[in-house]
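Below is protein06.csv, holding CSV, N, CA and C atoms.
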```
chain,number,residue,atom,x,y,z
A,20,MET,N,-22.3,4.7,16.0
A,20,MET,CA,-22.6,3.3,15.5
A,20,MET,C,-22.0,2.4,16.6
A,21,ALA,N,-22.9,1.5,17.1
A,21,ALA,CA,-22.4,0.5,18.0
A,21,ALA,C,-21.8,-0.7,17.3
A,22,LYS,N,-21.3,-1.6,18.0
A,22,LYS,CA,-20.8,-2.8,17.4
A,22,LYS,C,-21.9,-3.5,16.6
A,23,GLN,N,-21.5,-3.9,15.4
A,23,GLN,CA,-22.4,-4.7,14.5
A,23,GLN,C,-21.6,-5.8,13.9
A,24,VAL,N,-22.4,-6.8,13.4
A,24,VAL,CA,-21.8,-7.9,12.7
A,24,VAL,C,-21.7,-7.6,11.2
A,25,PHE,N,-20.6,-7.9,10.6
A,25,PHE,CA,-20.4,-7.6,9.2
A,25,PHE,C,-19.8,-8.8,8.5
A,26,GLY,N,-20.1,-9.0,7.3
A,26,GLY,CA,-19.4,-10.0,6.4
A,26,GLY,C,-18.4,-9.2,5.6
A,27,GLY,N,-17.3,-9.9,5.2
A,27,GLY,CA,-16.3,-9.3,4.4
A,27,GLY,C,-15.4,-10.3,3.8
A,28,GLY,N,-14.5,-9.8,3.0
A,28,GLY,CA,-13.6,-10.7,2.3
A,28,GLY,C,-12.8,-10.0,1.2
A,29,CYS,N,-12.1,-10.8,0.4
A,29,CYS,CA,-11.2,-10.3,-0.6
A,29,CYS,C,-12.0,-10.0,-1.9
A,30,GLN,N,-11.3,-9.5,-2.9
A,30,GLN,CA,-12.0,-9.1,-4.1
A,30,GLN,C,-12.5,-10.3,-4.9
A,31,CYS,N,-11.7,-11.4,-5.0
A,31,CYS,CA,-12.2,-12.5,-5.8
A,31,CYS,C,-13.2,-13.4,-5.1
A,32,GLY,N,-13.3,-13.2,-3.8
A,32,GLY,CA,-14.3,-14.0,-3.0
A,32,GLY,C,-13.7,-15.3,-2.4
A,33,ALA,N,-12.5,-15.6,-2.7
A,33,ALA,CA,-11.9,-16.8,-2.1
A,33,ALA,C,-11.8,-16.7,-0.6
A,34,VAL,N,-11.6,-15.6,0.0
A,34,VAL,CA,-11.5,-15.3,1.4
A,34,VAL,C,-12.8,-14.7,1.9
A,35,ARG,N,-13.5,-15.3,2.8
A,35,ARG,CA,-14.7,-14.7,3.4
A,35,ARG,C,-14.6,-14.8,4.9
A,36,TYR,N,-15.1,-13.8,5.6
A,36,TYR,CA,-15.2,-13.9,7.1
A,36,TYR,C,-16.4,-13.1,7.6
A,37,GLU,N,-16.6,-13.3,8.9
A,37,GLU,CA,-17.7,-12.5,9.6
A,37,GLU,C,-17.0,-12.0,10.8
A,38,THR,N,-17.3,-10.7,11.2
A,38,THR,CA,-16.7,-10.1,12.3
A,38,THR,C,-17.6,-9.1,13.0
A,39,THR,N,-17.3,-8.8,14.2
A,39,THR,CA,-18.1,-7.8,14.9
A,39,THR,C,-17.1,-6.5,15.0
A,40,ALA,N,-17.7,-5.4,14.6
A,40,ALA,CA,-16.9,-4.2,14.6
A,40,ALA,C,-17.7,-2.9,14.9
A,41,ASP,N,-17.0,-2.0,15.5
A,41,ASP,CA,-17.6,-0.6,15.8
A,41,ASP,C,-16.9,0.3,14.8
A,42,LEU,N,-17.5,0.7,13.7
A,42,LEU,CA,-16.8,1.5,12.7
A,42,LEU,C,-16.6,2.9,13.2
A,43,ASP,N,-17.2,3.4,14.3
A,43,ASP,CA,-17.0,4.7,14.8
A,43,ASP,C,-15.6,4.7,15.4
A,44,GLN,N,-15.0,3.5,15.7
A,44,GLN,CA,-13.6,3.4,16.3
A,44,GLN,C,-12.6,3.2,15.2
A,45,ALA,N,-12.9,3.3,13.9
A,45,ALA,CA,-12.0,3.0,12.9
A,45,ALA,C,-10.8,4.0,12.9
A,46,ILE,N,-9.7,3.5,12.4
A,46,ILE,CA,-8.5,4.3,12.3
A,46,ILE,C,-7.9,4.3,10.9
A,47,SER,N,-7.2,5.4,10.5
A,47,SER,CA,-6.4,5.5,9.3
A,47,SER,C,-5.0,5.7,9.8
A,48,CYS,N,-4.1,4.8,9.4
A,48,CYS,CA,-2.7,4.8,9.9
A,48,CYS,C,-1.8,5.2,8.8
A,49,ASN,N,-0.7,5.9,9.1
A,49,ASN,CA,0.2,6.4,8.1
A,49,ASN,C,1.5,5.6,8.1
A,50,CYS,N,1.5,4.4,8.7
A,50,CYS,CA,2.8,3.6,8.7
A,50,CYS,C,3.1,3.2,7.3
A,51,SER,N,4.3,2.6,7.2
A,51,SER,CA,4.8,2.2,5.8
A,51,SER,C,3.9,1.3,5.1
A,52,ARG,N,3.2,0.4,5.8
A,52,ARG,CA,2.3,-0.5,5.1
A,52,ARG,C,0.9,0.1,4.9
A,53,CYS,N,0.2,0.5,6.0
A,53,CYS,CA,-1.1,1.0,5.9
A,53,CYS,C,-1.2,2.2,5.0
A,54,GLY,N,-0.3,3.1,5.0
A,54,GLY,CA,-0.3,4.3,4.2
A,54,GLY,C,-0.2,3.9,2.7
A,55,ARG,N,0.6,3.0,2.4
A,55,ARG,CA,0.7,2.5,1.0
A,55,ARG,C,-0.5,1.8,0.5
A,56,LEU,N,-1.2,1.0,1.4
A,56,LEU,CA,-2.4,0.3,1.0
A,56,LEU,C,-3.7,1.1,1.1
A,57,GLY,N,-3.6,2.2,1.8
A,57,GLY,CA,-4.8,3.0,2.0
A,57,GLY,C,-5.8,2.3,3.0
A,58,LEU,N,-5.3,1.6,3.9
A,58,LEU,CA,-6.1,0.8,4.9
A,58,LEU,C,-6.9,1.7,5.8
A,59,ILE,N,-8.1,1.4,6.0
A,59,ILE,CA,-8.9,2.0,7.1
A,59,ILE,C,-9.2,0.7,8.0
A,60,LEU,N,-8.9,0.8,9.3
A,60,LEU,CA,-8.9,-0.4,10.1
A,60,LEU,C,-9.9,-0.3,11.3
A,61,SER,N,-10.5,-1.4,11.6
A,61,SER,CA,-11.3,-1.6,12.8
A,61,SER,C,-10.8,-2.8,13.5
A,62,PHE,N,-10.7,-2.8,14.8
A,62,PHE,CA,-10.1,-3.8,15.6
A,62,PHE,C,-11.2,-4.6,16.4
A,63,SER,N,-11.1,-5.9,16.4
A,63,SER,CA,-12.0,-6.8,17.1
A,63,SER,C,-11.2,-7.9,17.8
A,64,PRO,N,-11.6,-8.3,19.0
A,64,PRO,CA,-10.9,-9.5,19.6
A,64,PRO,C,-11.1,-10.7,18.6
A,65,VAL,N,-10.1,-11.6,18.5
A,65,VAL,CA,-10.2,-12.7,17.6
A,65,VAL,C,-11.4,-13.6,17.9
A,66,GLU,N,-11.9,-13.5,19.1
A,66,GLU,CA,-13.1,-14.3,19.4
A,66,GLU,C,-14.3,-13.8,18.6
A,67,GLU,N,-14.3,-12.6,18.1
A,67,GLU,CA,-15.4,-12.0,17.4
A,67,GLU,C,-15.1,-12.0,15.9
A,68,PHE,N,-14.1,-12.7,15.4
A,68,PHE,CA,-13.7,-12.9,14.0
A,68,PHE,C,-13.8,-14.3,13.7
A,69,GLN,N,-14.5,-14.6,12.6
A,69,GLN,CA,-14.7,-16.0,12.1
A,69,GLN,C,-14.3,-16.1,10.7
A,70,LEU,N,-13.2,-16.7,10.4
A,70,LEU,CA,-12.8,-17.0,9.0
A,70,LEU,C,-13.8,-18.1,8.5
A,71,GLN,N,-14.6,-17.8,7.5
A,71,GLN,CA,-15.5,-18.7,7.0
A,71,GLN,C,-15.0,-19.6,5.8
A,72,SER,N,-14.1,-19.0,5.0
A,72,SER,CA,-13.5,-19.7,3.9
A,72,SER,C,-12.3,-19.1,3.4
A,73,GLY,N,-11.4,-19.9,2.8
A,73,GLY,CA,-10.2,-19.3,2.2
A,73,GLY,C,-8.9,-19.5,3.0
A,74,GLU,N,-8.8,-20.2,4.1
A,74,GLU,CA,-7.6,-20.4,4.8
A,74,GLU,C,-6.5,-20.8,3.8
A,75,ASP,N,-6.8,-21.7,2.9
A,75,ASP,CA,-5.7,-22.2,2.0
A,75,ASP,C,-5.4,-21.2,0.9
A,76,ALA,N,-6.2,-20.2,0.8
A,76,ALA,CA,-6.0,-19.1,-0.2
A,76,ALA,C,-5.1,-17.9,0.4
A,77,LEU,N,-4.9,-18.0,1.7
A,77,LEU,CA,-4.2,-16.9,2.3
A,77,LEU,C,-2.7,-17.0,2.3
A,78,GLY,N,-2.0,-15.9,2.0
A,78,GLY,CA,-0.6,-15.7,2.3
A,78,GLY,C,-0.4,-14.9,3.5
A,79,GLU,N,0.8,-14.7,3.9
A,79,GLU,CA,1.1,-13.9,5.1
A,79,GLU,C,2.3,-13.1,4.9
A,80,TYR,N,2.3,-11.9,5.4
A,80,TYR,CA,3.5,-11.0,5.4
A,80,TYR,C,3.7,-10.4,6.8
A,81,GLN,N,4.9,-10.4,7.2
A,81,GLN,CA,5.3,-9.8,8.5
A,81,GLN,C,6.4,-8.9,8.3
A,82,PHE,N,6.5,-7.8,9.0
A,82,PHE,CA,7.7,-6.9,8.9
A,82,PHE,C,7.9,-6.2,10.3
A,83,ASN,N,8.9,-5.4,10.4
A,83,ASN,CA,9.3,-4.7,11.6
A,83,ASN,C,9.5,-5.7,12.7
A,84,GLN,N,8.6,-5.6,13.7
A,84,GLN,CA,8.7,-6.4,14.9
A,84,GLN,C,8.0,-7.7,14.9
A,85,HIS,N,7.4,-8.0,13.7
A,85,HIS,CA,6.7,-9.3,13.5
A,85,HIS,C,5.5,-9.5,14.5
A,86,ARG,N,4.9,-8.5,14.9
A,86,ARG,CA,3.7,-8.6,15.8
A,86,ARG,C,2.4,-8.8,15.1
A,87,ILE,N,2.4,-8.5,13.8
A,87,ILE,CA,1.1,-8.5,13.1
A,87,ILE,C,1.3,-9.5,11.9
A,88,ARG,N,0.4,-10.4,11.7
A,88,ARG,CA,0.4,-11.3,10.6
A,88,ARG,C,-0.6,-10.7,9.6
A,89,HIS,N,-0.1,-10.0,8.6
A,89,HIS,CA,-0.9,-9.4,7.5
A,89,HIS,C,-1.3,-10.5,6.6
A,90,ARG,N,-2.5,-10.8,6.5
A,90,ARG,CA,-3.0,-11.9,5.7
A,90,ARG,C,-3.6,-11.4,4.4
A,91,PHE,N,-3.3,-12.0,3.3
A,91,PHE,CA,-3.7,-11.5,2.0
A,91,PHE,C,-4.1,-12.7,1.1
A,92,CYS,N,-5.0,-12.5,0.2
A,92,CYS,CA,-5.4,-13.5,-0.8
A,92,CYS,C,-4.3,-13.7,-1.8
A,93,LYS,N,-3.9,-15.0,-2.0
A,93,LYS,CA,-2.8,-15.3,-2.9
A,93,LYS,C,-3.3,-15.2,-4.4
A,94,THR,N,-4.6,-15.1,-4.6
A,94,THR,CA,-5.2,-15.0,-5.9
A,94,THR,C,-5.3,-13.5,-6.3
A,95,CYS,N,-6.0,-12.7,-5.6
A,95,CYS,CA,-6.3,-11.3,-6.0
A,95,CYS,C,-5.4,-10.3,-5.2
A,96,GLY,N,-4.7,-10.7,-4.2
A,96,GLY,CA,-3.7,-9.9,-3.5
A,96,GLY,C,-4.3,-9.0,-2.4
A,97,VAL,N,-5.6,-9.0,-2.2
A,97,VAL,CA,-6.2,-8.1,-1.3
A,97,VAL,C,-5.9,-8.5,0.2
A,98,GLN,N,-5.5,-7.5,1.0
A,98,GLN,CA,-5.3,-7.8,2.4
A,98,GLN,C,-6.6,-7.3,3.1
A,99,SER,N,-7.5,-8.3,3.4
A,99,SER,CA,-8.7,-7.9,4.0
A,99,SER,C,-8.7,-7.9,5.6
A,100,PHE,N,-7.7,-8.5,6.1
A,100,PHE,CA,-7.5,-8.5,7.6
A,100,PHE,C,-6.1,-8.9,8.0
A,101,ALA,N,-5.8,-8.7,9.2
A,101,ALA,CA,-4.5,-9.1,9.8
A,101,ALA,C,-4.8,-9.6,11.3
A,102,ILE,N,-3.9,-10.3,11.8
A,102,ILE,CA,-4.1,-10.8,13.2
A,102,ILE,C,-2.8,-10.4,13.9
A,103,GLY,N,-3.0,-9.8,15.1
A,103,GLY,CA,-1.9,-9.4,15.9
A,103,GLY,C,-2.2,-9.3,17.4
A,104,THR,N,-1.3,-8.8,18.1
A,104,THR,CA,-1.4,-8.6,19.5
A,104,THR,C,-1.6,-7.1,19.8
A,105,GLY,N,-2.7,-6.8,20.5
A,105,GLY,CA,-3.0,-5.4,20.9
A,105,GLY,C,-2.1,-5.0,22.0
A,106,PRO,N,-2.2,-3.7,22.4
A,106,PRO,CA,-1.3,-3.1,23.4
A,106,PRO,C,-1.6,-3.8,24.8
A,107,ASP,N,-2.8,-4.3,25.0
A,107,ASP,CA,-3.1,-5.0,26.3
A,107,ASP,C,-2.7,-6.5,26.3
A,108,GLY,N,-2.1,-6.9,25.2
A,108,GLY,CA,-1.7,-8.3,25.1
A,108,GLY,C,-2.7,-9.3,24.5
A,109,ARG,N,-3.9,-8.8,24.3
A,109,ARG,CA,-4.9,-9.7,23.7
A,109,ARG,C,-4.7,-9.8,22.2
A,110,GLU,N,-5.0,-11.0,21.7
A,110,GLU,CA,-5.0,-11.2,20.2
A,110,GLU,C,-6.2,-10.5,19.6
A,111,MET,N,-5.9,-9.8,18.5
A,111,MET,CA,-6.9,-9.0,17.9
A,111,MET,C,-6.9,-9.2,16.4
A,112,ALA,N,-8.0,-9.0,15.8
A,112,ALA,CA,-8.1,-9.0,14.3
A,112,ALA,C,-8.2,-7.5,13.9
A,113,ALA,N,-7.4,-7.2,12.9
A,113,ALA,CA,-7.4,-5.8,12.3
A,113,ALA,C,-8.1,-6.0,11.0
A,114,ILE,N,-9.3,-5.4,10.9
A,114,ILE,CA,-10.2,-5.6,9.7
A,114,ILE,C,-10.0,-4.4,8.8
A,115,ASN,N,-9.8,-4.7,7.5
A,115,ASN,CA,-9.7,-3.7,6.5
A,115,ASN,C,-11.2,-3.3,6.2
A,116,VAL,N,-11.6,-2.1,6.7
A,116,VAL,CA,-13.0,-1.7,6.6
A,116,VAL,C,-13.4,-1.6,5.1
A,117,ARG,N,-12.5,-1.3,4.2
A,117,ARG,CA,-12.8,-1.3,2.8
A,117,ARG,C,-13.2,-2.6,2.3
A,118,CYS,N,-13.0,-3.7,3.0
A,118,CYS,CA,-13.4,-5.0,2.5
A,118,CYS,C,-14.6,-5.6,3.2
A,119,LEU,N,-15.3,-4.7,4.0
A,119,LEU,CA,-16.6,-5.1,4.6
A,119,LEU,C,-17.7,-4.9,3.6
A,120,ASP,N,-18.6,-5.9,3.5
A,120,ASP,CA,-19.8,-5.8,2.6
A,120,ASP,C,-20.7,-4.6,2.9
A,121,GLY,N,-21.0,-3.8,1.9
A,121,GLY,CA,-22.0,-2.8,2.0
A,121,GLY,C,-21.6,-1.5,2.7
A,122,ILE,N,-20.3,-1.3,3.0
A,122,ILE,CA,-19.8,-0.1,3.7
A,122,ILE,C,-19.3,0.9,2.7
A,123,ASP,N,-19.8,2.1,2.8
A,123,ASP,CA,-19.3,3.3,2.1
A,123,ASP,C,-18.3,4.0,3.0
A,124,VAL,N,-17.0,3.8,2.8
A,124,VAL,CA,-16.0,4.4,3.7
A,124,VAL,C,-16.0,5.9,3.6
A,125,HIS,N,-16.6,6.5,2.6
A,125,HIS,CA,-16.6,8.0,2.6
A,125,HIS,C,-17.6,8.6,3.6
A,126,THR,N,-18.4,7.7,4.2
A,126,THR,CA,-19.3,8.2,5.3
A,126,THR,C,-18.7,8.1,6.7
A,127,LEU,N,-17.5,7.5,6.7
A,127,LEU,CA,-16.8,7.3,8.0
A,127,LEU,C,-15.9,8.4,8.3
A,128,HIS,N,-15.5,8.5,9.6
A,128,HIS,CA,-14.5,9.5,10.0
A,128,HIS,C,-13.5,8.8,10.8
A,129,PRO,N,-12.6,8.1,10.2
A,129,PRO,CA,-11.5,7.4,11.0
A,129,PRO,C,-10.6,8.3,11.7
A,130,LYS,N,-10.2,7.9,12.9
A,130,LYS,CA,-9.2,8.6,13.6
A,130,LYS,C,-7.8,8.5,12.9
A,131,GLN,N,-7.1,9.5,12.8
A,131,GLN,CA,-5.8,9.5,12.2
A,131,GLN,C,-4.7,9.1,13.2
A,132,VAL,N,-4.0,8.0,12.9
A,132,VAL,CA,-3.0,7.5,13.8
A,132,VAL,C,-1.6,7.6,13.1
A,133,ASP,N,-0.6,8.2,13.9
A,133,ASP,CA,0.7,8.3,13.4
A,133,ASP,C,1.6,7.1,13.6
A,134,GLY,N,1.3,6.1,12.8
A,134,GLY,CA,2.1,4.8,12.9
A,134,GLY,C,3.5,4.9,12.5
A,135,ARG,N,3.9,5.9,11.8
A,135,ARG,CA,5.3,6.1,11.4
A,135,ARG,C,6.2,6.4,12.6
A,136,SER,N,5.6,6.9,13.7
A,136,SER,CA,6.4,7.2,14.9
A,136,SER,C,6.6,6.0,15.8
A,137,PHE,N,6.0,4.9,15.5
A,137,PHE,CA,6.2,3.7,16.4
A,137,PHE,C,7.4,2.9,16.1
```
For this file, produce the structure as C-alpha cells.
Amino acid sequence: MAKQVFGGGCQCGAVRYETTADLDQAISCNCSRCGRLGLILSFSPVEEFQLQSGEDALGEYQFNQHRIRHRFCKTCGVQSFAIGTGPDGREMAAINVRCLDGIDVHTLHPKQVDGRSF
C-alpha cells in the first residue's frame, strides 16, 4: 500500500483531521502508553497532517522525556494522534490507525516495536 490520504478523528466526532499515511509502515509498540491503549501507529510529517476541527476539544498528555504531545479528545477521551519529533529531528504526526475512517486494522501487519527498551 502506497501513501494515501485518510480522514480520521475521535469517537464523538469533535476532533477531525486529514493525513497522508502508508499503512504498510504501521507499527505496534509495547511502551507503557501504546501497550495500554492498544495503539497501532502510522507516522507522517506534520506538513501532511491537517487538523480540520476540534483544537479546542483537545487535551494533551506528556510523559518520560516529553518529546511527544499525546493529544486526546476531552469529551470522549480517544487519542487519535500525537505530535512529536522523529529520530531525524523532523516534527511528525503519529496517527492512531484505529481512528482512520474505513480501516479494518485486522487486515494490517504492523511491525512490532520494543518501546519498553527506549
Exercise. Near A:Gly32, within 10 Å and counting only C-alpha atoms, which residues show up once chain neighbours fewer than 6 positions away are dropped, as a PyMOL selection string?
Worked result: chain A and resi 72-73+92+94-95
For this session: Could you check how far atom N of A:Ala113 sits from atom CA of A:Phe62, in Å to one decimal?
Result: 5.1 Å
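For the set A:Gln44, A:Gln69, A:Thr38, A:Gln84, the residue with the smallest atom-to-atom gap to A:Gln131 is A:Gln44, counting only C-alpha atoms.
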Exercise. Pick the closest to A:Asp75 from A:Val124, A:Cys48, A:Arg135, A:Phe91: which is it, counting only C-alpha atoms?
Worked result: A:Phe91
Exercise. Leaving out A:Gly27 and any residue of its chain fewer than 2 positions from it, which residues lie within 6.5 Å of it when counting all atoms listed in the file, given as a PyMOL selection string?
Worked result: chain A and resi 25+29+34-38+118-120
For this session: Take atom C of A:Glu74 and atom C of A:Ala33 and report the distance between them in Å, one decimal.
Result: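 Atom C of A:Ala33 lies 8.0 Å from atom C of A:Glu74.
Rounded to one decimal, atom CA of A:Gln30 and atom CA of A:Cys53 lie 17.9 Å from each other.
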For this session: Can you work out which one of A:Lys22, A:His125, A:Arg52, A:Arg86 has the shortest atom-to-atom distance to A:Gly105, counting all atoms listed in the file?
Result: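 With all atoms listed in the file as the atom set, the closest residue is A:Arg86.
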For this session: For each of A:Asp133, A:Asp123, A:Glu110, A:Asp41, take the minimum atom-to-atom distance to A:Pro64, counting all atoms listed in the file, then give the residue where this is smallest.
Result: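 Of A:Asp133, A:Asp123, A:Glu110, A:Asp41, the one nearest A:Pro64, counting all atoms listed in the file, is A:Glu110.
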Exercise. Quick one: DSSP strand (DSSP E) residues in chain A, as a ChimeraX atom specification?
Worked result: /A:23-28,35-40,46-48,59-64,68-72,77-80,87-92,100-104,110-115,130-132
Exercise. So which residues touch A:Val132 within 8 Å, counting all atoms listed in the file, skipping near sequence neighbours fewer than 3 positions away, as a PyMOL selection string?
Worked result: chain A and resi 45-50+129+135-136
